[in-house]
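Report on the following structure.
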Amino acid sequence: MLHRPQSLDAALALLSGEGAVILAGGTDVYPGLRDGPPPATMVDLSALPGFRGITRAHGVWRIGAATTWSDAIRADVPPLFDGLKLAAREVGSVQIQNAGTVAGNICNASPAADGVPPLLALDAEVELLGPEGVRRLALSDFIRGPRDTALKPGELITAIVIADTPGQGAFLKLGARKYLVISIAMVGAVIAVEDGYISRARIAVGACSAVACRLPELETALRGAGPRDIAEIVATAAMPSLAPISDVRATAAYRSEAVRTLVTRTVLQAMEACDVA
Amino acid sequence: MSLDDLEGRIGFTLNGTAIHVQAAPTARLSQVLREQAGARDVKVGCNAGDCGACTVLLDGAPVCACLVAAGQADGRRIDTQAGLVANDPLAARLARAFQRHHAAQCGICTPGMMVAAVAFLRSGAVLTEASVSDALGGVLCRCTGYRSIIAAVLDVGDGAPETEGGVGASVERLDGWAKVSGTERFGDDVAPEDALTLRVIRSPFHRASFQFGDLDQFRDANGLDLILTARDVPGENRFGVIPGFEDQPVFAIDTTRFKGEAIAAVIGHADIVENLPDFPVTWEELPATLTPDDAQQAVLLHSDRADNVMCRGYVARGDAAAALKYAAHVVSGDFSTGFIEHGYIEPEAATVRRVGDRIEVQCCTQAPFMNRDGLARILGIAPDSVRILPTATGGGFGSKLDLSAQPFVALAAWLLRRPVRITYTRAESIASTTKRHPSQIRMEIGADANGRLTGARFDGTFNTGAYASWGPTVANRVPIHASGPYLTPNYEANSTGIHTNTAPAGAFRGFGVPQSAVAQEQLYDRLAEKLGMDRLEFRALNCLRNGDPTVTGQVFDTGMAIDACFDALRPHWQRVLREIAACNAGGTRRRRCGVGIAGGWYGCGNTSMSNPSTIRAGITSAGDLRLHQGAVDIGQGSNTVIAQIFAEALGVPLGAVTLLGADTDLTPDAGKTSASRQTFITGNAAKLCGEALRTQILRLGNVGEGATIHLADGALELAENGTTHRVALPRVEGYALEATESYDPPTTPLDANGQGAPYAVFGSAAQMAEVEVDCELGTVKLVRIIAAHDVGRAINPALAQGQIEGGIAQGIGLALMEEFLPGRTENLHDYLIPTIGDVPPITSILIEQGDPHGPYGAKGLGEHCLIPTAPAILNAITHACGARLHHLPATPDRVRAAILAQTGGAGR
């Protein structure tokens, strides 16, 4: 059974049913079946009116829950979102970007989700709607572990909410081939620069811990840094939240080292973009 | 709107026509398009969005149909390859460009490629190589190496097709239009609506014992038509490809030897088979060995094979030990490579029906006659009671030589007297079919003070998995080839195939030679370095020339052209060396450029064994010329090349030839499509057949050798010296004139030291790879590859170029990213093959010095293309950053570790 509700009320009613699975772009739900049969009941949120697109109101950006990666690439948004846009281009392929949603990427809660580091760097919040009403959670609280989120039964994401702050987004993904690749490590950053020096750095790393995470010690250390200082600061900064593992894509030792190189490059990418702007 | 009330009824506009289908709205759109809407141009390669073969336009935007719920398409517009080519002039022009550029080889990825490309071309985006790559990055191709696809998308003009021409002309693929227009039919595409579906029950453990529960009860409770196990096999419950090594059971008995081995099969209606509860079997996992190091002390996989040794190979010439002892310079090293998955985009598929007391098998295959004989043995019937009708084959590369899915469906159809179909899932295909042998190689090579090779010693251990498959071929071939195409007067090579509890290792493009080249060609660079010689010049000095003995003592008086390959590369090599010196001098230490070179060779056809091909052709009373062409075209182009050779020999235009087959009832045995043998061996049979038919025709018309033949309506028109004779064709059933000819290459058996003439023809190649290494991250970006190939004579230069580019792409995968880990990388996102962004521009140079045995001088080419690629890349990495990679693949972590090791941990 596939339901395609046309209103939030209808969607909530359907999700209150036993075993209903949320479907949007399908780019994680179907591969997750591993050739098995689809769930008996799915609720498709991709056609909900007003659920798609990135909008700004009252100093806050809202990424509608049905916004696809292609929508994000085409969105008219400030350089703050450049990291998210770069990540969007690295999500699978054009086919995946056309179907897969930003919110779905969060809900899937893969340690290697391409969208999570740039959204963490944006201090994104998740707006949830359930039988008990609306609530908001920081993205870092929403994703609790690999494949584990704070989404309650019967709840759905309505939007990802991002405060409009100054800053330049950047993103780098490291993989073993060009397209359609799960990352070895990736870095999302939002950097605010004043007079050539970092006034605020927000940096998040993916695929190097069970859940993608920010690097608060480094962010503090980078305050006031100029481009020439970055490599040294990143090389020596504490990154206690990272705990990379060895898997089919790379060794833990490599990830530990490479992530610092990636962080340096991502921060510099953002600072260079500020320069050009 | 909810689809509650629409359960089972979905409406959409498919290729411009509004239709309704009965289907579960949660089903994958790809499946509904194929099974309910008849759109079998939508291909399914992975069911996970990893390959892009199922790409369709949904309201104009490309998506993977396997990830869309059918109900999500309700009320929307869907366009597929066939519809686009039929309805959109832009897509039709793209199809013609694909034909012109030979951008479809096997054709299984072509629907996905073309649909993605149409969306891109419609977008009006600027056409550059980078923008095309971004647009097509979501579709995997395993045949072409992508370069021809990029060229086609960049050239959607109105170029003239090349459809005529004899030997030496880049004629468009004769079977190509079906592939670019969406009408080609692959293994799963021919299944009839009333076929039952079969699913195989497989071992979840590397080694396990098992006991069935109540199978009859399970069958009846679930409404299955049949459950098959070993006891249902009427003939012999075993198969294989090498005489004496038929050791693989159709269904395991009591114990399984690898993860993915079949123990049973269930047959019934698709919706029943796809929704079954757990199969009644109890497993007990047993200790397993996955590597040869462990296997020699482990429990025997086959009781008659001591130490789990499947077989050994040996070649010795001169005194290698003495030569190495007294050599001025000696280098040695240990090297290893992993399992490589063939990664064709079409999973194994077969449909079988019983016709009286015969069985008809439609399947993708590389070896119809071997399949026929193997199935006859399993079914306990005569070989001529089995008919194999190969469908288009969506890539093979060696693995579709072996039986895979066919025995299960053949048994079921035989017993049920109903058509039965199966298509492997991607996971099943990767887990259960053959792989390239992992290798552990130790090699030692010596040279004199002048840089002349004096001797080499090679010891290779190959993990052949649970069953023999083509393991004996690898064990035999490698010692013959491990010297590379170089004069090596003193030589000793040992190879051993070891059984482990893994999927069988079998045939994969090169049969072990790419692995040995990784060792030998890297050591050559180290020797050149010790000698202070240029790496190309060291190879050119030592390469085999006409009159030199090979390591088996075989001497070619003509046709050995590896020296010409190096000569052709020399100006490029010298230029690139200068460019790289400048680049590295001016640039940062972070990005370093490098260039590497490697040679390779490969003997065409079976090793010291008869492997004839037969070609038949006839002319009907009406004047139709039919070529019974049984050399299966798996994308490499035999349908075109064999026809070109035949037409040239007969002396008629290519357009006069109608192809029949492959079909074991209609086409004589042209052998298997492997060992780079079809152009050479079947090509010779086609040439002899064309010549024989020509002789008959000229005799019939009583005209001389120089007469031209024109096939007219019911007659032959023979022109000679300005006069045309019209010869009426006799009115007969069947053929008015026909000829059947065979060719078997002259070889001799090898003696105890591996001395003899194992192949009538060797082809050789040299390639150079330019790379950029990011020394901080260990990532390798390929900049360009230049490939010089000694093809004897290019029957169809464009097809030859396609083989080179596709082989190089597989070499790139071997070098940089591919490794199958049993139980861990059974999909196409953990097992990585190169995408369109991973294959750099390739320049192909065809060396055409002829060959005394080849038809019109042509040699085989398919496997040669891959052999030098990986070592050339590895040598380039070393040139760039000093790090040497002995253990493949050279993933970023391994490259970075090698850089750190070489700089003592300092790294930068």
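So you can find residues: chains in the structure tokens are A, B, ... in the order shown, residues in each start at 1, and ligands are numbered from 1 in order.
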
When DSSP is applied to the backbone of this structure, which of stretch 39-274 of chain A are assigned alpha helix (DSSP H)? Write them out as an MDAnalysis selection string.
chainID A and resid 69:74 82:90 94:99 102:108 116:121 139:142 216:222 230:236 252:274

Limited to C-alpha atoms, could you put the picked residues into a file as a PDB file, in the first residue's frame?
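Output contents, as saved in part_11.pdb:
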```pdb
ATOM      1  CA  TRP A  69      19.396  17.789  -3.798  1.00  0.00           C
ATOM      2  CA  SER A  70      18.812  19.171  -7.284  1.00  0.00           C
ATOM      3  CA  ASP A  71      16.487  21.778  -5.794  1.00  0.00           C
ATOM      4  CA  ALA A  72      19.270  22.713  -3.379  1.00  0.00           C
ATOM      5  CA  ILE A  73      21.801  23.047  -6.201  1.00  0.00           C
ATOM      6  CA  ARG A  74      19.479  25.387  -8.105  1.00  0.00           C
ATOM      7  CA  ASP A  82      27.936  27.003  -0.749  1.00  0.00           C
ATOM      8  CA  GLY A  83      29.050  24.004   1.319  1.00  0.00           C
ATOM      9  CA  LEU A  84      25.605  22.482   1.169  1.00  0.00           C
ATOM     10  CA  LYS A  85      25.479  23.067  -2.583  1.00  0.00           C
ATOM     11  CA  LEU A  86      28.888  21.479  -3.090  1.00  0.00           C
ATOM     12  CA  ALA A  87      27.759  18.516  -1.012  1.00  0.00           C
ATOM     13  CA  ALA A  88      24.583  18.301  -3.078  1.00  0.00           C
ATOM     14  CA  ARG A  89      26.661  17.892  -6.227  1.00  0.00           C
ATOM     15  CA  GLU A  90      28.559  15.057  -4.573  1.00  0.00           C
ATOM     16  CA  VAL A  94      22.301  13.423 -11.034  1.00  0.00           C
ATOM     17  CA  GLN A  95      19.695  10.663 -10.822  1.00  0.00           C
ATOM     18  CA  ILE A  96      20.047  10.452  -7.047  1.00  0.00           C
ATOM     19  CA  GLN A  97      20.109  14.233  -6.680  1.00  0.00           C
ATOM     20  CA  ASN A  98      16.864  14.506  -8.662  1.00  0.00           C
ATOM     21  CA  ALA A  99      15.022  12.124  -6.342  1.00  0.00           C
ATOM     22  CA  VAL A 102      17.985  16.690   2.036  1.00  0.00           C
ATOM     23  CA  ALA A 103      15.714  15.678   4.900  1.00  0.00           C
ATOM     24  CA  GLY A 104      15.806  12.035   3.870  1.00  0.00           C
ATOM     25  CA  ASN A 105      19.594  12.103   3.977  1.00  0.00           C
ATOM     26  CA  ILE A 106      19.362  13.218   7.615  1.00  0.00           C
ATOM     27  CA  CYS A 107      16.731  10.623   8.517  1.00  0.00           C
ATOM     28  CA  ASN A 108      18.789   7.824   7.013  1.00  0.00           C
ATOM     29  CA  VAL A 116      25.113  16.097   7.369  1.00  0.00           C
ATOM     30  CA  PRO A 117      28.517  17.825   7.754  1.00  0.00           C
ATOM     31  CA  PRO A 118      27.504  20.972   5.845  1.00  0.00           C
ATOM     32  CA  LEU A 119      24.203  21.117   7.736  1.00  0.00           C
ATOM     33  CA  LEU A 120      25.988  20.687  11.081  1.00  0.00           C
ATOM     34  CA  ALA A 121      28.310  23.517  10.092  1.00  0.00           C
ATOM     35  CA  LEU A 139      20.536  18.409  14.027  1.00  0.00           C
ATOM     36  CA  SER A 140      23.307  17.226  16.347  1.00  0.00           C
ATOM     37  CA  ASP A 141      20.643  16.057  18.787  1.00  0.00           C
ATOM     38  CA  PHE A 142      18.392  14.627  16.110  1.00  0.00           C
ATOM     39  CA  PRO A 216      34.598  22.771  18.710  1.00  0.00           C
ATOM     40  CA  GLU A 217      38.224  22.827  19.933  1.00  0.00           C
ATOM     41  CA  LEU A 218      39.454  23.556  16.446  1.00  0.00           C
ATOM     42  CA  GLU A 219      36.762  26.153  15.865  1.00  0.00           C
ATOM     43  CA  THR A 220      37.968  28.023  18.922  1.00  0.00           C
ATOM     44  CA  ALA A 221      41.597  27.703  17.920  1.00  0.00           C
ATOM     45  CA  LEU A 222      40.873  29.116  14.475  1.00  0.00           C
ATOM     46  CA  ILE A 230      45.419  27.398   9.111  1.00  0.00           C
ATOM     47  CA  ALA A 231      47.537  24.344   8.333  1.00  0.00           C
ATOM     48  CA  GLU A 232      49.527  24.606  11.533  1.00  0.00           C
ATOM     49  CA  ILE A 233      46.475  25.143  13.715  1.00  0.00           C
ATOM     50  CA  VAL A 234      44.590  22.244  12.145  1.00  0.00           C
ATOM     51  CA  ALA A 235      47.597  19.949  12.381  1.00  0.00           C
ATOM     52  CA  THR A 236      47.892  20.406  16.110  1.00  0.00           C
ATOM     53  CA  ALA A 252      41.444   4.307  10.554  1.00  0.00           C
ATOM     54  CA  ALA A 253      45.022   5.593  10.598  1.00  0.00           C
ATOM     55  CA  TYR A 254      44.601   7.071   7.143  1.00  0.00           C
ATOM     56  CA  ARG A 255      41.312   8.723   8.023  1.00  0.00           C
ATOM     57  CA  SER A 256      42.829  10.252  11.151  1.00  0.00           C
ATOM     58  CA  GLU A 257      45.570  11.861   9.151  1.00  0.00           C
ATOM     59  CA  ALA A 258      43.688  12.709   5.954  1.00  0.00           C
ATOM     60  CA  VAL A 259      40.874  14.439   7.757  1.00  0.00           C
ATOM     61  CA  ARG A 260      43.245  17.149   8.943  1.00  0.00           C
ATOM     62  CA  THR A 261      44.398  17.759   5.404  1.00  0.00           C
ATOM     63  CA  LEU A 262      40.778  17.924   4.294  1.00  0.00           C
ATOM     64  CA  VAL A 263      39.843  20.317   7.091  1.00  0.00           C
ATOM     65  CA  THR A 264      42.707  22.641   6.171  1.00  0.00           C
ATOM     66  CA  ARG A 265      41.712  22.639   2.546  1.00  0.00           C
ATOM     67  CA  THR A 266      38.044  23.173   3.301  1.00  0.00           C
ATOM     68  CA  VAL A 267      38.750  26.153   5.548  1.00  0.00           C
ATOM     69  CA  LEU A 268      41.055  27.622   2.914  1.00  0.00           C
ATOM     70  CA  GLN A 269      38.456  26.991   0.233  1.00  0.00           C
ATOM     71  CA  ALA A 270      36.001  29.071   2.246  1.00  0.00           C
ATOM     72  CA  MET A 271      38.531  31.830   2.921  1.00  0.00           C
ATOM     73  CA  GLU A 272      39.510  32.032  -0.744  1.00  0.00           C
ATOM     74  CA  ALA A 273      35.856  32.293  -1.699  1.00  0.00           C
ATOM     75  CA  CYS A 274      35.493  35.164   0.790  1.00  0.00           C
TER      76      CYS A 274
END
```

Using only C-alpha atoms, find each residue of chain B with at least one atom at most 8 Å away from an atom of chain A; report its shortest atom-to-atom pair and that distance in Å (one decimal), sort the rows by chain and rising residue number, and return the result as a Markdown table.
```
| residue | atom | partner | partner_atom | distance |
| --- | --- | --- | --- | --- |
| B:Met1 | CA | A:Pro5 | CA | 5.8 |
| B:Ser2 | CA | A:Arg4 | CA | 4.9 |
| B:Leu3 | CA | A:His3 | CA | 5.4 |
| B:Asp4 | CA | A:His3 | CA | 6.6 |
| B:Glu7 | CA | A:Met1 | CA | 7.0 |
| B:Ala24 | CA | A:Met1 | CA | 7.3 |
| B:Pro25 | CA | A:Leu2 | CA | 5.8 |
| B:Thr26 | CA | A:Leu2 | CA | 5.7 |
| B:Ala27 | CA | A:Pro38 | CA | 6.8 |
| B:Arg28 | CA | A:Tyr30 | CA | 8.0 |
| B:Asn47 | CA | A:Pro31 | CA | 6.6 |
| B:Ala48 | CA | A:Pro31 | CA | 4.4 |
| B:Gly49 | CA | A:Thr27 | CA | 7.1 |
| B:Asp50 | CA | A:Leu180 | CA | 6.8 |
| B:Gly52 | CA | A:Gln95 | CA | 7.6 |
| B:Thr55 | CA | A:Gln95 | CA | 7.4 |
| B:Ala61 | CA | A:Asn98 | CA | 6.9 |
| B:Pro62 | CA | A:Gln95 | CA | 5.3 |
| B:Val63 | CA | A:Gln95 | CA | 4.2 |
| B:Cys64 | CA | A:Gln95 | CA | 5.8 |
| B:Cys66 | CA | A:Tyr30 | CA | 7.5 |
| B:Leu67 | CA | A:Gly26 | CA | 5.2 |
| B:Val68 | CA | A:Gly26 | CA | 5.8 |
| B:Ala69 | CA | A:Gly26 | CA | 7.3 |
| B:Gly71 | CA | A:Leu2 | CA | 6.6 |
| B:Gln72 | CA | A:Asp44 | CA | 7.7 |
| B:Asp134 | CA | A:Val94 | CA | 7.7 |
| B:Ala135 | CA | A:Val94 | CA | 6.4 |
| B:Leu136 | CA | A:Val94 | CA | 7.8 |
| B:Gly137 | CA | A:Tyr179 | CA | 5.6 |
| B:Gly138 | CA | A:Ser93 | CA | 4.5 |
| B:Glu274 | CA | A:Pro37 | CA | 6.7 |
| B:Asn275 | CA | A:Pro37 | CA | 6.4 |
| B:Thr425 | CA | A:Asp35 | CA | 7.1 |
| B:Glu776 | CA | A:Thr261 | CA | 7.0 |
| B:Leu777 | CA | A:Ala258 | CA | 5.9 |
| B:Thr779 | CA | A:Ala176 | CA | 7.7 |
| B:Leu816 | CA | A:Ala176 | CA | 7.9 |
| B:Met817 | CA | A:Ala176 | CA | 6.5 |
| B:Arg824 | CA | A:Val248 | CA | 7.9 |
| B:Thr825 | CA | A:Val248 | CA | 7.9 |
| B:His829 | CA | A:Val181 | CA | 6.7 |
| B:Asp830 | CA | A:Val248 | CA | 7.1 |
| B:Leu832 | CA | A:Arg177 | CA | 7.7 |
| B:Pro834 | CA | A:Arg177 | CA | 6.7 |
| B:Thr835 | CA | A:Tyr179 | CA | 6.2 |
| B:Ile836 | CA | A:Tyr179 | CA | 7.7 |
| B:Gly837 | CA | A:Lys178 | CA | 5.3 |
| B:Asp838 | CA | A:Lys178 | CA | 6.0 |
| B:Thr891 | CA | A:Ala176 | CA | 6.5 |
| B:Pro892 | CA | A:Ala176 | CA | 6.8 |
| B:Asp893 | CA | A:Tyr254 | CA | 5.4 |
| B:Arg896 | CA | A:Tyr254 | CA | 7.6 |
| B:Ala897 | CA | A:Tyr254 | CA | 7.7 |
```

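Considering only stretch 478-583 of chain B, backbone DSSP assigns strand (DSSP E) to Asn490, Tyr491, Glu492, Ala493, Asn494, Ser495, Thr496, Gly497, Ile498 and His499 of chain B.
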
- request: Mind checking which residues fall within 12 Å of A:Ser16, counting only C-alpha atoms, ignoring those fewer than 4 positions away in the same chain, and posting them as a PyMOL selection string?
  value: chain A and resi 9-12+20-22+41-43+130-132+152-156

Expected file contents, prior selection, N, CA, C and O atoms, as a PDB file, in the first residue's frame:
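Here's the written file selection.pdb:
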```
ATOM      1  N   ASP A   9      -2.223  16.969   7.859  1.00  0.00           N
ATOM      2  CA  ASP A   9      -3.129  16.214   8.732  1.00  0.00           C
ATOM      3  C   ASP A   9      -3.285  14.788   8.219  1.00  0.00           C
ATOM      4  O   ASP A   9      -3.231  13.821   8.993  1.00  0.00           O
ATOM      5  N   ALA A  10      -3.472  14.685   6.926  1.00  0.00           N
ATOM      6  CA  ALA A  10      -3.633  13.346   6.342  1.00  0.00           C
ATOM      7  C   ALA A  10      -2.359  12.536   6.545  1.00  0.00           C
ATOM      8  O   ALA A  10      -2.402  11.342   6.866  1.00  0.00           O
ATOM      9  N   ALA A  11      -1.225  13.197   6.368  1.00  0.00           N
ATOM     10  CA  ALA A  11       0.051  12.492   6.532  1.00  0.00           C
ATOM     11  C   ALA A  11       0.192  11.981   7.958  1.00  0.00           C
ATOM     12  O   ALA A  11       0.578  10.834   8.191  1.00  0.00           O
ATOM     13  N   LEU A  12      -0.108  12.843   8.917  1.00  0.00           N
ATOM     14  CA  LEU A  12       0.008  12.428  10.317  1.00  0.00           C
ATOM     15  C   LEU A  12      -0.927  11.274  10.630  1.00  0.00           C
ATOM     16  O   LEU A  12      -0.555  10.322  11.332  1.00  0.00           O
ATOM     17  N   ALA A  20       3.929   1.924   9.336  1.00  0.00           N
ATOM     18  CA  ALA A  20       3.999   2.769   8.138  1.00  0.00           C
ATOM     19  C   ALA A  20       5.414   3.305   7.972  1.00  0.00           C
ATOM     20  O   ALA A  20       6.029   3.784   8.915  1.00  0.00           O
ATOM     21  N   VAL A  21       5.937   3.193   6.781  1.00  0.00           N
ATOM     22  CA  VAL A  21       7.295   3.645   6.482  1.00  0.00           C
ATOM     23  C   VAL A  21       7.210   4.915   5.643  1.00  0.00           C
ATOM     24  O   VAL A  21       6.458   4.975   4.669  1.00  0.00           O
ATOM     25  N   ILE A  22       7.994   5.921   6.037  1.00  0.00           N
ATOM     26  CA  ILE A  22       8.001   7.169   5.274  1.00  0.00           C
ATOM     27  C   ILE A  22       8.838   6.991   4.018  1.00  0.00           C
ATOM     28  O   ILE A  22       9.955   6.465   4.057  1.00  0.00           O
ATOM     29  N   THR A  41       3.250  -0.977   3.999  1.00  0.00           N
ATOM     30  CA  THR A  41       2.615   0.335   3.931  1.00  0.00           C
ATOM     31  C   THR A  41       3.671   1.425   3.886  1.00  0.00           C
ATOM     32  O   THR A  41       4.543   1.484   4.755  1.00  0.00           O
ATOM     33  N   MET A  42       3.588   2.251   2.872  1.00  0.00           N
ATOM     34  CA  MET A  42       4.502   3.383   2.780  1.00  0.00           C
ATOM     35  C   MET A  42       3.686   4.660   2.623  1.00  0.00           C
ATOM     36  O   MET A  42       2.642   4.675   1.966  1.00  0.00           O
ATOM     37  N   VAL A  43       4.181   5.725   3.247  1.00  0.00           N
ATOM     38  CA  VAL A  43       3.540   7.035   3.138  1.00  0.00           C
ATOM     39  C   VAL A  43       4.508   7.954   2.412  1.00  0.00           C
ATOM     40  O   VAL A  43       5.595   8.251   2.916  1.00  0.00           O
ATOM     41  N   GLY A 130       4.441  15.960  14.943  1.00  0.00           N
ATOM     42  CA  GLY A 130       3.901  14.668  15.337  1.00  0.00           C
ATOM     43  C   GLY A 130       2.545  14.837  15.972  1.00  0.00           C
ATOM     44  O   GLY A 130       2.019  15.956  16.007  1.00  0.00           O
ATOM     45  N   PRO A 131       2.011  13.763  16.461  1.00  0.00           N
ATOM     46  CA  PRO A 131       0.685  13.817  17.077  1.00  0.00           C
ATOM     47  C   PRO A 131       0.653  14.831  18.227  1.00  0.00           C
ATOM     48  O   PRO A 131      -0.392  15.422  18.500  1.00  0.00           O
ATOM     49  N   GLU A 132       1.813  15.032  18.877  1.00  0.00           N
ATOM     50  CA  GLU A 132       1.831  15.961  20.008  1.00  0.00           C
ATOM     51  C   GLU A 132       2.215  17.369  19.600  1.00  0.00           C
ATOM     52  O   GLU A 132       2.484  18.216  20.449  1.00  0.00           O
ATOM     53  N   LYS A 152      10.246  10.232  16.390  1.00  0.00           N
ATOM     54  CA  LYS A 152       9.358   9.329  17.129  1.00  0.00           C
ATOM     55  C   LYS A 152       8.373   8.677  16.169  1.00  0.00           C
ATOM     56  O   LYS A 152       8.101   9.215  15.095  1.00  0.00           O
ATOM     57  N   PRO A 153       7.803   7.562  16.593  1.00  0.00           N
ATOM     58  CA  PRO A 153       6.777   6.947  15.739  1.00  0.00           C
ATOM     59  C   PRO A 153       5.665   7.960  15.468  1.00  0.00           C
ATOM     60  O   PRO A 153       5.242   8.676  16.385  1.00  0.00           O
ATOM     61  N   GLY A 154       5.239   8.015  14.255  1.00  0.00           N
ATOM     62  CA  GLY A 154       4.161   8.924  13.893  1.00  0.00           C
ATOM     63  C   GLY A 154       4.610  10.339  13.594  1.00  0.00           C
ATOM     64  O   GLY A 154       3.813  11.182  13.194  1.00  0.00           O
ATOM     65  N   GLU A 155       5.929  10.594  13.747  1.00  0.00           N
ATOM     66  CA  GLU A 155       6.454  11.941  13.518  1.00  0.00           C
ATOM     67  C   GLU A 155       7.034  12.051  12.118  1.00  0.00           C
ATOM     68  O   GLU A 155       7.487  11.058  11.537  1.00  0.00           O
ATOM     69  N   LEU A 156       7.093  13.275  11.610  1.00  0.00           N
ATOM     70  CA  LEU A 156       7.782  13.491  10.347  1.00  0.00           C
ATOM     71  C   LEU A 156       8.551  14.802  10.414  1.00  0.00           C
ATOM     72  O   LEU A 156       8.277  15.654  11.258  1.00  0.00           O
TER      73      LEU A 156
END
```

key: Near-B:Asp155 list (10 Å; only C-alpha atoms; drop same-chain fewer than 5 positions) as a list in words   = Arg93, Leu94, Arg96, Ala97, Phe98, Arg100, His101, Leu127, Ile149 and Ile150 of chain B

Distance query B:Pro485 at most 6 Å, only C-alpha atoms, self and fewer than 6 positions along chain excluded, as a list in words
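So, after excluding close chain neighbours, the residues are Cys543, Leu544 and Trp601 of chain B.
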
| message | Excluding B:Val180 and its own-chain neighbours fewer than 6 positions away, which residues fall within 12 Å of it when counting only C-alpha atoms? Please give them as a ChimeraX atom specification. | response | /B:41,80-86,91-115,149,152,172-174

The distance between atom CA of B:Leu693 and atom CA of B:Phe646 is 9.8 Å

How far is it from atom CA of B:Ile430 to atom CA of B:Leu782, in Å with one decimal?
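Between atom CA of B:Ile430 and atom CA of B:Leu782 the gap works out to 27.3 Å.
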